[in-house]
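Novice: Structure supplied as query_15.csv; contents: CSV, C-alpha atoms.
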```csv
chain,number,residue,atom,x,y,z
A,68,MET,CA,9.5,-54.6,-29.0
A,69,SER,CA,11.4,-51.4,-28.3
A,70,ASP,CA,13.0,-51.7,-31.7
A,71,THR,CA,9.6,-51.6,-33.3
A,72,LYS,CA,8.7,-48.6,-31.2
A,73,GLU,CA,11.8,-46.8,-32.4
A,74,SER,CA,11.1,-47.8,-36.0
A,75,ILE,CA,7.6,-46.3,-35.8
A,76,ARG,CA,9.0,-43.1,-34.3
A,77,ALA,CA,11.7,-42.8,-36.9
A,78,ALA,CA,9.3,-43.5,-39.8
A,79,ILE,CA,6.9,-40.8,-38.6
A,80,LEU,CA,9.7,-38.3,-38.1
A,81,GLU,CA,11.0,-38.9,-41.5
A,82,LYS,CA,7.6,-37.9,-43.0
A,83,ILE,CA,6.8,-35.2,-40.5
A,84,PRO,CA,10.1,-33.8,-39.2
A,85,ASP,CA,8.7,-31.2,-36.9
A,86,ALA,CA,6.4,-33.7,-35.1
A,87,ASP,CA,6.5,-34.6,-31.4
A,88,VAL,CA,5.9,-38.4,-31.4
A,89,VAL,CA,5.1,-40.6,-28.5
A,90,VAL,CA,4.8,-44.4,-29.1
A,91,ASP,CA,3.6,-46.8,-26.4
A,92,ALA,CA,3.8,-50.6,-26.9
A,93,GLY,CA,1.1,-52.9,-25.7
A,94,SER,CA,1.2,-56.6,-26.0
A,95,GLY,CA,1.2,-58.7,-29.2
A,96,GLY,CA,2.3,-55.9,-31.6
A,97,HIS,CA,-0.3,-53.5,-30.5
A,98,PHE,CA,0.7,-49.8,-30.3
A,99,THR,CA,-0.6,-46.5,-29.1
A,100,ILE,CA,0.7,-43.5,-31.1
A,101,GLN,CA,0.4,-39.8,-30.4
A,102,VAL,CA,1.7,-37.2,-32.9
A,103,VAL,CA,1.7,-33.5,-32.3
A,104,SER,CA,2.6,-31.3,-35.3
A,105,PRO,CA,1.4,-28.1,-37.0
A,106,VAL,CA,1.0,-30.1,-40.2
A,107,PHE,CA,-2.4,-31.3,-39.0
A,108,SER,CA,-3.9,-27.8,-38.9
A,109,GLY,CA,-6.9,-27.6,-41.2
A,110,LYS,CA,-6.9,-31.4,-41.8
A,111,ASN,CA,-9.7,-33.6,-40.6
A,112,MET,CA,-9.2,-36.8,-38.7
A,113,VAL,CA,-9.1,-39.1,-41.7
A,114,GLU,CA,-6.6,-36.8,-43.5
A,115,SER,CA,-4.4,-36.5,-40.4
A,116,GLN,CA,-4.4,-40.1,-39.6
A,117,ARG,CA,-3.7,-41.1,-43.2
A,118,LEU,CA,-0.6,-39.0,-43.1
A,119,VAL,CA,0.7,-40.9,-40.1
A,120,TYR,CA,-0.5,-44.3,-41.4
A,121,GLY,CA,1.2,-43.5,-44.7
A,122,ALA,CA,4.5,-43.1,-42.9
A,123,ILE,CA,4.3,-46.4,-41.1
A,124,ALA,CA,2.5,-48.5,-43.8
A,125,HIS,CA,5.6,-50.5,-44.5
A,126,LEU,CA,5.6,-51.7,-40.9
A,127,MET,CA,2.0,-52.8,-41.0
A,128,LYS,CA,2.1,-54.8,-44.3
A,129,GLY,CA,1.6,-58.6,-44.5
A,130,ASP,CA,0.8,-61.2,-41.9
A,131,GLY,CA,4.1,-61.2,-40.0
A,132,ALA,CA,4.2,-57.4,-39.8
A,133,PRO,CA,5.9,-56.0,-36.7
A,134,VAL,CA,2.9,-53.7,-36.1
A,135,HIS,CA,-0.2,-55.8,-35.7
A,136,ALA,CA,-2.6,-53.1,-34.7
A,137,VAL,CA,-2.6,-49.5,-33.7
A,138,ASP,CA,-5.1,-49.3,-30.7
A,139,LYS,CA,-5.2,-45.6,-30.7
A,140,LEU,CA,-3.7,-43.0,-32.9
A,141,THR,CA,-4.1,-39.4,-31.8
A,142,THR,CA,-3.1,-36.5,-34.0
A,143,LYS,CA,-3.0,-33.0,-32.5
A,144,THR,CA,-1.8,-29.5,-33.4
A,145,PRO,CA,0.5,-27.9,-30.8
B,203,MET,CA,-0.2,-52.9,-56.6
B,204,LEU,CA,-3.9,-52.7,-56.7
B,205,SER,CA,-5.0,-54.7,-59.7
B,206,ASP,CA,-7.7,-53.3,-62.1
B,207,THR,CA,-10.0,-56.3,-61.4
B,208,VAL,CA,-9.9,-55.7,-57.6
B,209,LYS,CA,-10.3,-52.0,-58.0
B,210,THR,CA,-13.4,-52.4,-60.2
B,211,GLN,CA,-14.8,-54.9,-57.7
B,212,LEU,CA,-14.3,-52.5,-54.8
B,213,ASP,CA,-15.7,-49.6,-56.8
B,214,GLU,CA,-18.9,-51.5,-57.5
B,215,LEU,CA,-19.3,-52.7,-53.9
B,216,ILE,CA,-18.9,-49.2,-52.6
B,217,LYS,CA,-21.3,-47.8,-55.2
B,218,LYS,CA,-23.9,-50.4,-54.7
B,219,ASN,CA,-24.1,-50.2,-50.8
B,220,LYS,CA,-25.0,-47.0,-49.1
B,221,VAL,CA,-23.4,-48.1,-45.8
B,222,LEU,CA,-20.7,-50.6,-46.3
B,223,LEU,CA,-18.3,-52.0,-43.7
B,224,PHE,CA,-15.1,-53.9,-44.6
B,225,MET,CA,-14.4,-56.0,-41.6
B,226,LYS,CA,-13.0,-59.2,-40.2
B,227,GLY,CA,-15.9,-61.8,-39.9
B,228,ASN,CA,-19.5,-60.8,-40.4
B,229,LYS,CA,-22.0,-58.7,-38.5
B,230,HIS,CA,-23.2,-61.7,-36.5
B,231,PHE,CA,-19.7,-63.1,-35.8
B,232,PRO,CA,-17.1,-60.4,-35.9
B,233,GLN,CA,-13.7,-61.9,-35.6
B,234,CYS,CA,-11.8,-58.9,-34.3
B,235,GLY,CA,-12.5,-56.5,-31.4
B,236,PHE,CA,-12.2,-53.4,-33.6
B,237,SER,CA,-14.7,-54.8,-36.2
B,238,ALA,CA,-17.1,-55.8,-33.4
B,239,GLN,CA,-17.1,-52.3,-32.0
B,240,VAL,CA,-18.0,-50.7,-35.3
B,241,VAL,CA,-20.7,-53.3,-35.9
B,242,GLN,CA,-22.1,-52.5,-32.5
B,243,ILE,CA,-22.2,-48.8,-33.2
B,244,LEU,CA,-23.9,-49.3,-36.6
B,245,LYS,CA,-26.5,-51.5,-35.0
B,246,GLU,CA,-27.2,-48.8,-32.4
B,247,THR,CA,-27.8,-46.2,-35.0
B,248,GLY,CA,-30.5,-48.5,-36.5
B,249,VAL,CA,-29.2,-48.0,-40.0
B,250,LYS,CA,-29.2,-50.7,-42.6
B,251,PHE,CA,-25.7,-51.8,-43.5
B,252,GLU,CA,-23.8,-54.4,-45.4
B,253,THR,CA,-20.5,-56.0,-44.6
B,254,VAL,CA,-17.6,-57.5,-46.5
B,255,ASN,CA,-15.6,-60.1,-44.7
B,256,VAL,CA,-12.0,-59.4,-45.8
B,257,LEU,CA,-10.8,-62.7,-44.3
B,258,GLN,CA,-12.5,-64.6,-47.1
B,259,ASP,CA,-10.6,-62.9,-49.8
B,260,PRO,CA,-6.9,-61.9,-49.4
B,261,ALA,CA,-7.1,-59.8,-52.6
B,262,VAL,CA,-9.8,-57.7,-51.1
B,263,ARG,CA,-8.1,-57.6,-47.7
B,264,ASP,CA,-4.9,-56.1,-49.2
B,265,GLY,CA,-6.7,-54.3,-51.9
B,266,ILE,CA,-9.0,-52.2,-49.7
B,267,LYS,CA,-6.0,-51.0,-47.7
B,268,GLU,CA,-4.4,-49.6,-50.8
B,269,TYR,CA,-7.8,-48.4,-52.2
B,270,SER,CA,-8.5,-46.3,-49.1
B,271,SER,CA,-4.9,-45.4,-48.3
B,272,TRP,CA,-5.7,-46.8,-44.9
B,273,PRO,CA,-3.6,-49.7,-43.5
B,274,THR,CA,-6.1,-51.2,-41.0
B,275,ILE,CA,-9.5,-53.1,-41.0
B,276,PRO,CA,-12.3,-52.3,-40.3
B,277,GLN,CA,-13.1,-49.5,-42.8
B,278,LEU,CA,-16.5,-47.8,-43.1
B,279,TYR,CA,-17.9,-46.3,-46.3
B,280,VAL,CA,-21.0,-44.2,-46.4
B,281,ASP,CA,-22.4,-43.0,-49.8
B,282,GLY,CA,-19.2,-43.8,-51.5
B,283,GLU,CA,-17.1,-41.8,-49.0
B,284,PHE,CA,-14.4,-43.3,-46.8
B,285,ILE,CA,-15.3,-42.5,-43.2
B,286,GLY,CA,-12.5,-44.1,-41.2
B,287,GLY,CA,-11.7,-47.0,-38.9
B,288,CYS,CA,-12.8,-47.9,-35.5
B,289,ASP,CA,-11.4,-44.9,-33.6
B,290,ILE,CA,-12.9,-42.3,-36.0
B,291,VAL,CA,-16.2,-44.1,-36.1
B,292,LYS,CA,-16.4,-44.2,-32.3
B,293,GLU,CA,-15.5,-40.5,-32.0
B,294,MET,CA,-18.0,-39.5,-34.7
B,295,TYR,CA,-20.7,-41.5,-33.1
B,296,ALA,CA,-20.0,-40.0,-29.7
B,297,ALA,CA,-20.2,-36.5,-31.2
B,298,GLY,CA,-23.3,-37.2,-33.2
B,299,ASP,CA,-21.5,-36.6,-36.5
B,300,LEU,CA,-21.9,-40.2,-37.7
B,301,GLN,CA,-25.7,-40.1,-37.2
B,302,LYS,CA,-25.7,-36.9,-39.3
B,303,LYS,CA,-23.8,-38.6,-42.1
B,304,LEU,CA,-26.1,-41.6,-42.0
B,305,GLY,CA,-29.2,-39.4,-41.9
B,306,VAL,CA,-30.5,-40.9,-38.7
B,307,GLU,CA,-31.6,-39.2,-35.5
B,308,ASP,CA,-29.0,-38.7,-32.8
B,309,LYS,CA,-31.0,-40.2,-30.0
B,310,PRO,CA,-30.2,-38.6,-26.6
B,311,VAL,CA,-28.9,-40.9,-23.9
B,312,ALA,CA,-30.5,-40.6,-20.5
B,313,PRO,CA,-27.9,-39.7,-17.9
B,314,PRO,CA,-27.1,-42.8,-15.8
B,315,LYS,CA,-27.6,-42.8,-12.1
B,316,ILE,CA,-24.3,-43.4,-10.4
B,317,THR,CA,-23.0,-43.2,-6.8
B,318,LEU,CA,-19.5,-42.4,-5.4
B,319,ASP,CA,-18.6,-43.3,-1.9
B,320,GLU,CA,-16.8,-40.8,0.4
B,321,GLY,CA,-13.4,-42.3,-0.1
B,322,ALA,CA,-13.8,-42.2,-3.9
B,323,VAL,CA,-14.9,-38.5,-3.8
B,324,LYS,CA,-11.9,-37.7,-1.7
B,325,ALA,CA,-9.5,-39.6,-3.9
B,326,ILE,CA,-10.9,-37.9,-7.0
B,327,LYS,CA,-10.8,-34.4,-5.6
B,328,GLY,CA,-7.2,-35.1,-4.4
B,329,ALA,CA,-6.1,-36.2,-7.9
B,330,ASP,CA,-7.7,-33.2,-9.7
B,331,GLU,CA,-4.9,-30.9,-10.7
B,332,GLY,CA,-7.3,-28.2,-11.8
B,333,SER,CA,-6.0,-28.3,-15.3
B,334,GLY,CA,-9.6,-27.9,-16.6
B,335,ASP,CA,-9.8,-31.6,-17.6
B,336,VAL,CA,-12.9,-33.4,-16.6
B,337,LEU,CA,-13.2,-36.8,-14.9
B,338,ARG,CA,-14.1,-39.4,-17.6
B,339,LEU,CA,-15.3,-42.9,-17.1
B,340,GLU,CA,-15.1,-45.2,-20.2
B,341,ILE,CA,-16.7,-48.6,-20.2
B,342,GLY,CA,-15.3,-50.9,-22.9
B,343,PRO,CA,-17.1,-53.6,-24.9
B,344,GLN,CA,-16.1,-56.3,-22.3
B,345,PHE,CA,-16.8,-53.9,-19.4
B,346,GLN,CA,-13.2,-52.8,-19.0
B,347,TYR,CA,-13.2,-49.6,-17.0
B,348,ASP,CA,-11.0,-46.6,-17.6
B,349,LEU,CA,-11.4,-43.7,-15.1
B,350,TYR,CA,-9.2,-40.7,-15.8
B,351,PHE,CA,-9.0,-37.0,-16.2
B,352,GLY,CA,-9.2,-35.9,-19.8
B,353,PRO,CA,-10.6,-33.3,-22.1
B,354,LYS,CA,-14.4,-32.9,-22.4
B,355,LYS,CA,-15.7,-34.2,-25.7
B,356,PRO,CA,-18.6,-33.3,-27.8
B,357,GLY,CA,-21.7,-35.5,-27.1
B,358,ASP,CA,-20.5,-36.3,-23.6
B,359,VAL,CA,-23.2,-37.3,-21.1
B,360,GLU,CA,-22.5,-35.5,-17.8
B,361,VAL,CA,-23.6,-36.8,-14.4
B,362,VAL,CA,-23.0,-35.2,-11.0
B,363,ALA,CA,-22.6,-37.6,-8.0
B,364,GLY,CA,-21.2,-36.8,-4.6
B,365,GLY,CA,-20.4,-33.3,-5.8
B,366,VAL,CA,-18.2,-34.7,-8.6
B,367,THR,CA,-19.0,-34.4,-12.3
B,368,VAL,CA,-18.3,-37.5,-14.3
B,369,CYS,CA,-18.4,-37.5,-18.1
B,370,PHE,CA,-19.4,-40.5,-20.2
B,371,ASP,CA,-19.3,-41.0,-23.9
B,372,LYS,CA,-22.7,-42.2,-25.2
B,373,GLN,CA,-21.9,-45.9,-25.3
B,374,SER,CA,-20.4,-45.9,-21.8
B,375,ALA,CA,-23.4,-44.0,-20.5
B,376,LYS,CA,-25.7,-46.7,-21.7
B,377,LYS,CA,-23.8,-49.3,-19.7
B,378,ALA,CA,-23.5,-47.3,-16.5
B,379,ASP,CA,-27.0,-46.9,-14.9
B,380,GLY,CA,-26.8,-48.0,-11.2
B,381,LEU,CA,-23.0,-48.0,-11.2
B,382,SER,CA,-21.1,-47.3,-8.0
B,383,VAL,CA,-17.5,-46.3,-7.4
B,384,SER,CA,-15.8,-46.9,-4.1
B,385,TRP,CA,-12.3,-46.5,-2.7
B,386,VAL,CA,-10.9,-49.8,-1.3
B,387,GLU,CA,-7.6,-50.8,0.3
B,388,THR,CA,-5.7,-53.4,-1.7
B,389,PRO,CA,-2.3,-55.0,-1.1
B,390,ASP,CA,-0.9,-52.5,-3.6
B,391,GLY,CA,-2.5,-49.5,-1.8
B,392,GLY,CA,-5.8,-47.7,-2.3
B,393,ALA,CA,-7.7,-48.3,-5.5
B,394,PHE,CA,-11.0,-47.5,-7.1
B,395,ARG,CA,-13.5,-50.3,-7.2
B,396,ILE,CA,-16.4,-50.2,-9.7
B,397,ASP,CA,-19.5,-52.2,-9.2
B,398,ASN,CA,-21.9,-52.2,-12.1
B,399,PRO,CA,-25.2,-54.1,-12.2
B,400,ASN,CA,-25.2,-54.0,-16.0
B,401,GLU,CA,-22.2,-56.3,-16.2
B,402,PRO,CA,-22.9,-59.9,-17.2
B,403,ALA,CA,-22.2,-62.0,-14.2
B,404,ARG,CA,-18.6,-63.1,-13.9
B,405,VAL,CA,-16.2,-64.2,-11.2
B,406,LYS,CA,-14.8,-61.1,-9.3
B,407,SER,CA,-11.5,-61.0,-7.5
B,408,LEU,CA,-11.3,-60.5,-3.8
B,409,SER,CA,-8.0,-60.0,-1.9
B,410,ALA,CA,-7.3,-61.5,1.5
B,411,PRO,CA,-7.4,-58.0,3.3
B,412,GLU,CA,-10.7,-57.2,1.5
B,413,LEU,CA,-12.2,-60.5,2.8
B,414,LYS,CA,-11.0,-59.7,6.3
B,415,LYS,CA,-12.7,-56.3,6.0
B,416,TRP,CA,-15.9,-58.0,5.0
B,417,MET,CA,-15.7,-60.2,8.1
B,418,ASP,CA,-15.0,-57.2,10.4
B,419,GLU,CA,-17.8,-55.2,9.0
B,420,GLY,CA,-20.2,-58.1,9.4
B,421,LYS,CA,-21.1,-58.2,5.7
B,422,ALA,CA,-23.4,-61.1,4.8
B,423,PHE,CA,-21.6,-63.6,2.6
B,424,GLU,CA,-20.8,-67.3,2.4
B,425,LEU,CA,-17.3,-68.6,2.2
B,426,PHE,CA,-16.5,-72.0,0.7
B,427,ASP,CA,-13.2,-73.9,0.8
B,428,VAL,CA,-12.7,-76.2,-2.1
B,429,ARG,CA,-9.6,-77.9,-0.8
B,430,THR,CA,-9.4,-81.5,0.4
B,431,ASP,CA,-9.9,-82.6,4.0
B,432,GLU,CA,-6.2,-83.3,4.4
B,433,GLU,CA,-5.3,-79.7,3.4
B,434,ARG,CA,-8.0,-78.3,5.6
B,435,ALA,CA,-6.5,-80.2,8.5
B,436,ILE,CA,-3.2,-78.3,8.0
B,437,ALA,CA,-4.6,-74.9,7.7
B,438,LYS,CA,-8.0,-73.3,7.4
B,439,VAL,CA,-10.1,-70.2,7.9
B,440,ASP,CA,-12.6,-70.8,10.7
B,441,ARG,CA,-15.6,-69.4,8.9
B,442,ALA,CA,-15.0,-71.3,5.7
B,443,ARG,CA,-17.3,-74.2,4.9
B,444,ALA,CA,-15.9,-77.3,3.0
B,445,LEU,CA,-17.3,-77.7,-0.4
B,446,ASP,CA,-18.1,-81.4,0.0
B,447,GLY,CA,-21.4,-83.0,-1.0
B,448,GLU,CA,-23.2,-81.5,1.9
B,449,GLY,CA,-21.6,-78.1,1.4
B,450,GLU,CA,-22.6,-78.0,-2.2
B,451,GLU,CA,-26.2,-78.9,-1.4
B,452,ALA,CA,-26.3,-76.1,1.1
B,453,LEU,CA,-24.8,-73.7,-1.4
B,454,LEU,CA,-27.3,-74.5,-4.1
B,455,ALA,CA,-30.1,-73.9,-1.7
B,456,LEU,CA,-28.9,-70.3,-1.1
B,457,ALA,CA,-30.6,-67.3,-2.7
B,458,LYS,CA,-29.0,-66.5,-6.0
B,459,ASP,CA,-28.0,-63.0,-5.0
B,460,THR,CA,-26.0,-64.2,-1.9
B,461,PRO,CA,-22.4,-63.1,-2.2
B,462,LEU,CA,-20.3,-66.3,-2.5
B,463,VAL,CA,-16.5,-66.4,-1.9
B,464,PHE,CA,-14.5,-69.4,-2.9
B,465,MET,CA,-11.0,-70.2,-1.6
B,466,CYS,CA,-8.3,-72.9,-2.0
B,467,HIS,CA,-4.6,-73.0,-1.6
B,468,HIS,CA,-3.4,-70.5,-4.2
B,469,GLY,CA,-6.6,-69.4,-5.9
B,470,MET,CA,-6.7,-71.6,-9.0
B,471,ARG,CA,-9.0,-74.4,-7.9
B,472,SER,CA,-11.4,-72.0,-6.3
B,473,ARG,CA,-11.6,-70.0,-9.5
B,474,ASN,CA,-12.7,-73.1,-11.4
B,475,ALA,CA,-15.3,-73.8,-8.8
B,476,ALA,CA,-16.5,-70.2,-8.9
B,477,GLU,CA,-16.8,-70.3,-12.7
B,478,ARG,CA,-18.9,-73.4,-12.4
B,479,ILE,CA,-21.2,-72.0,-9.7
B,480,LEU,CA,-21.7,-68.9,-11.9
B,481,ARG,CA,-23.5,-71.1,-14.4
B,482,GLU,CA,-26.0,-72.1,-11.6
B,483,GLY,CA,-27.3,-68.5,-11.8
B,484,PHE,CA,-25.5,-67.0,-8.8
B,485,LYS,CA,-24.9,-63.3,-9.4
B,486,GLN,CA,-22.2,-62.3,-6.9
B,487,VAL,CA,-19.3,-64.8,-7.1
B,488,TYR,CA,-15.9,-64.0,-5.7
B,489,ASN,CA,-12.6,-65.7,-5.8
B,490,LEU,CA,-10.1,-65.3,-3.0
B,491,GLU,CA,-7.0,-64.4,-5.0
B,492,GLY,CA,-3.9,-66.2,-3.6
B,493,GLY,CA,-6.0,-68.5,-1.5
B,494,ILE,CA,-5.2,-69.4,2.1
B,495,ASP,CA,-1.6,-68.8,1.4
B,496,ALA,CA,-2.3,-65.0,0.8
B,497,TRP,CA,-4.5,-65.2,3.9
B,498,SER,CA,-1.7,-66.4,6.1
B,499,GLN,CA,0.8,-63.9,4.7
B,500,LYS,CA,-1.4,-60.8,4.7
B,501,VAL,CA,-4.1,-61.3,7.3
B,502,ASP,CA,-3.5,-64.1,9.9
B,503,ALA,CA,0.1,-65.3,10.4
B,504,ALA,CA,-1.2,-67.9,12.8
B,505,VAL,CA,-2.6,-69.9,9.9
B,506,PRO,CA,0.3,-72.2,8.8
B,507,ARG,CA,1.6,-72.1,5.3
B,508,TYR,CA,2.3,-75.3,3.4
```
Give the structure from this file in structure tokens form.
Specialist:
Amino acid sequence: MSDTKESIRAAILEKIPDADVVVDAGSGGHFTIQVVSPVFSGKNMVESQRLVYGAIAHLMKGDGAPVHAVDKLTTKTP
Amino acid sequence: MLSDTVKTQLDELIKKNKVLLFMKGNKHFPQCGFSAQVVQILKETGVKFETVNVLQDPAVRDGIKEYSSWPTIPQLYVDGEFIGGCDIVKEMYAAGDLQKKLGVEDKPVAPPKITLDEGAVKAIKGADEGSGDVLRLEIGPQFQYDLYFGPKKPGDVEVVAGGVTVCFDKQSAKKADGLSVSWVETPDGGAFRIDNPNEPARVKSLSAPELKKWMDEGKAFELFDVRTDEERAIAKVDRARALDGEGEEALLALAKDTPLVFMCHHGMRSRNAAERILREGFKQVYNLEGGIDAWSQKVDAAVPRY
């Protein structure tokens, strides 16, 4: 599980290098993600979350995906 | 890759339906908790909406993710615009923005009446770090509770009880009228206990020290022991009545709001009995967690373990 947590973090940082990323793993491939970055300034919730989801889309694809669900995704500006 | 056929199909669906939810299952039988929550919100707004069950068509299931650039289901569209998934819909509903988008009235929610006992007030005040965050109480779809300090949100319903301000989001507020928060001692230390009359009846957990406290306080309740006579001969709690034929008859004759506690050796058999009794219409059914074994270890060492 911690591997997936690290993959999520790395994938987000690759797309948003100045981000502060916190990933918590629940059970059964459920995750909680918090991302803080100036990149979200002026973006609405859909745009902000799309940016993060776009970064980890490859981890959520298909039936056997390591990330089954993101229970909560929070995006904030510092 | 999103095929042209699927893209056209999605274009048409979204154009044809003013409010359209891509979800797992349908509005009567949602097959995923996130989908169920969005359905519940849409029903509460009173708006007419259509749903597409993505589980019935893998091409649509994968297609819509690409179409919206959004990797999860559910997905809500209003007037052809992608609104978001469960989190966003919940937040927009709480703030009243979803109602605006749907063109329906944002009905105000009456503040629920709640009570906090002295211990709870003390614990809350002690935990307040003065960071400006408010105390929030969230009540999930299955009546899961989350009590924490967090930022105030638009659309919050504020209630003052025992000198403490508690904030609810709209959906939680609707489920909270008559709720009480108390501070109880548990084997792992002090903890909040929430009693909510809006909860559908279910078996509640009771620890051995809590049961002892009930006895000491002279609380009215009935204790039933579901173990065999042989086991009862080895170890028993004096007050407990055997749940044999006679015991069961006496139980069924009790008022339905009588607090009932069930116990056995480790808490498994008694839980089954408690679940069964719930179906007889009793409202306050407790299971002694850990059974008589926990009782001997935590309350009365004179009761032999076996």
Novice: Output the contact residues of chain B with respect to chain A at a cut-off of 12 Å, based on all atoms listed in the file, as a PyMOL selection string.
Specialist: chain B and resi 234-236+257+260-261+263-265+267-268+270-278+283-294
Novice: Using all atoms listed in the file, which residue out of B:Val501, B:Ala297, B:Val249, B:Ile326 lies closest to Ala363 of chain B?
Specialist: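 When distances to Ala363 of chain B are compared using all atoms listed in the file, the smallest one comes from B:Ile326.
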Novice: For atom CA of Phe224 of chain B and atom CA of Ser94 of chain A, determine how far apart the two atoms are, in Å to one decimal place.
Specialist: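 Here the two named atoms are 24.9 Å from each other.
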Novice: Which residue, A:Phe107, A:Ala122, A:Ala77, A:Pro133, has the smallest gap to Gly95 of chain A when you use all atoms listed in the file?
Specialist: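 Closest to Gly95 of chain A, using all atoms listed in the file: A:Pro133.
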Novice: Skip Lys500 of chain B itself and residues of its chain fewer than 3 positions away, then list as a ChimeraX atom specification all residues within 10 Å of it, counting only C-alpha atoms.
Specialist: /B:389,409-411,414,494-497,503
Novice: Can you pull out every residue within 7 Å of Glu360 of chain B, counting all atoms listed in the file, but drop anything in the same chain fewer than 6 positions away, and send it as a PyMOL selection string?
Specialist: chain B and resi 313+367-370
Novice: Could you please determine the separation between atom CA of Asp281 of chain B and atom CA of Gln242 of chain B in Å, to one decimal place?
Specialist: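 About the pair atom CA of Asp281 of chain B and atom CA of Gln242 of chain B: they are 19.7 Å apart.
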Novice: Could you please determine the separation between atom CA of Gly447 of chain B and atom CA of Arg434 of chain B in Å, to one decimal place?
Specialist: 15.7 Å
Novice: Hey, what's within 9 Å of Lys372 of chain B if we count all atoms listed in the file and toss same-chain stuff fewer than 4 positions away? As a PyMOL selection string, please?
Specialist: chain B and resi 295-297+310-311+357-359+376
Novice: Would you list the residues near (2.4, -49.3, -25.1) (no more than 10 Å away, in the coordinates of the file, using only C-alpha atoms) as a short mmCIF file (atom, residue, chain, number, x, y, z; two decimals) with C-alpha atoms, in the coordinates of the input?
Specialist:
```cif
data_model
loop_
_atom_site.label_atom_id
_atom_site.label_comp_id
_atom_site.auth_asym_id
_atom_site.auth_seq_id
_atom_site.Cartn_x
_atom_site.Cartn_y
_atom_site.Cartn_z
CA MET A 68 9.50 -54.60 -29.00
CA SER A 69 11.40 -51.40 -28.30
CA LYS A 72 8.70 -48.60 -31.20
CA VAL A 89 5.10 -40.60 -28.50
CA VAL A 90 4.80 -44.40 -29.10
CA ASP A 91 3.60 -46.80 -26.40
CA ALA A 92 3.80 -50.60 -26.90
CA GLY A 93 1.10 -52.90 -25.70
CA SER A 94 1.20 -56.60 -26.00
CA GLY A 96 2.30 -55.90 -31.60
CA HIS A 97 -0.30 -53.50 -30.50
CA PHE A 98 0.70 -49.80 -30.30
CA THR A 99 -0.60 -46.50 -29.10
CA ILE A 100 0.70 -43.50 -31.10
CA VAL A 137 -2.60 -49.50 -33.70
CA ASP A 138 -5.10 -49.30 -30.70
#
```
Novice: Would you list the residues near (-16.7, -66.4, -7.1) (no more than 7 Å away, in the coordinates of the file, using only C-alpha atoms) as a list of chain:residue names?
Specialist: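 Within the cut-off we find B:Val405, B:Lys406, B:Leu462, B:Val463, B:Phe464, B:Arg473, B:Ala476, B:Glu477, B:Gln486, B:Val487, B:Tyr488, B:Asn489.
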Novice: Which one is closest to Ala422 of chain B: B:Gly449, B:Thr388, B:Asp459, B:Glu252? Count all atoms listed in the file.
Specialist: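 Checking each candidate against Ala422 of chain B, we get B:Asp459 as the closest.
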Novice: So that I can see what lies close to Asp213 of chain B, please list as a PyMOL selection string the residues with an atom at most 12 Å from it, counting all atoms listed in the file and leaving out residues fewer than 2 positions away in the same chain.
Specialist: chain B and resi 206-211+215-219+222+262+265-266+269-270+279+281-284
Novice: Looking at all atoms listed in the file, which of B:Thr317, B:Thr430, B:Gln258, B:Ser407 is the one that sits closest to Gly469 of chain B?
Specialist: B:Ser407
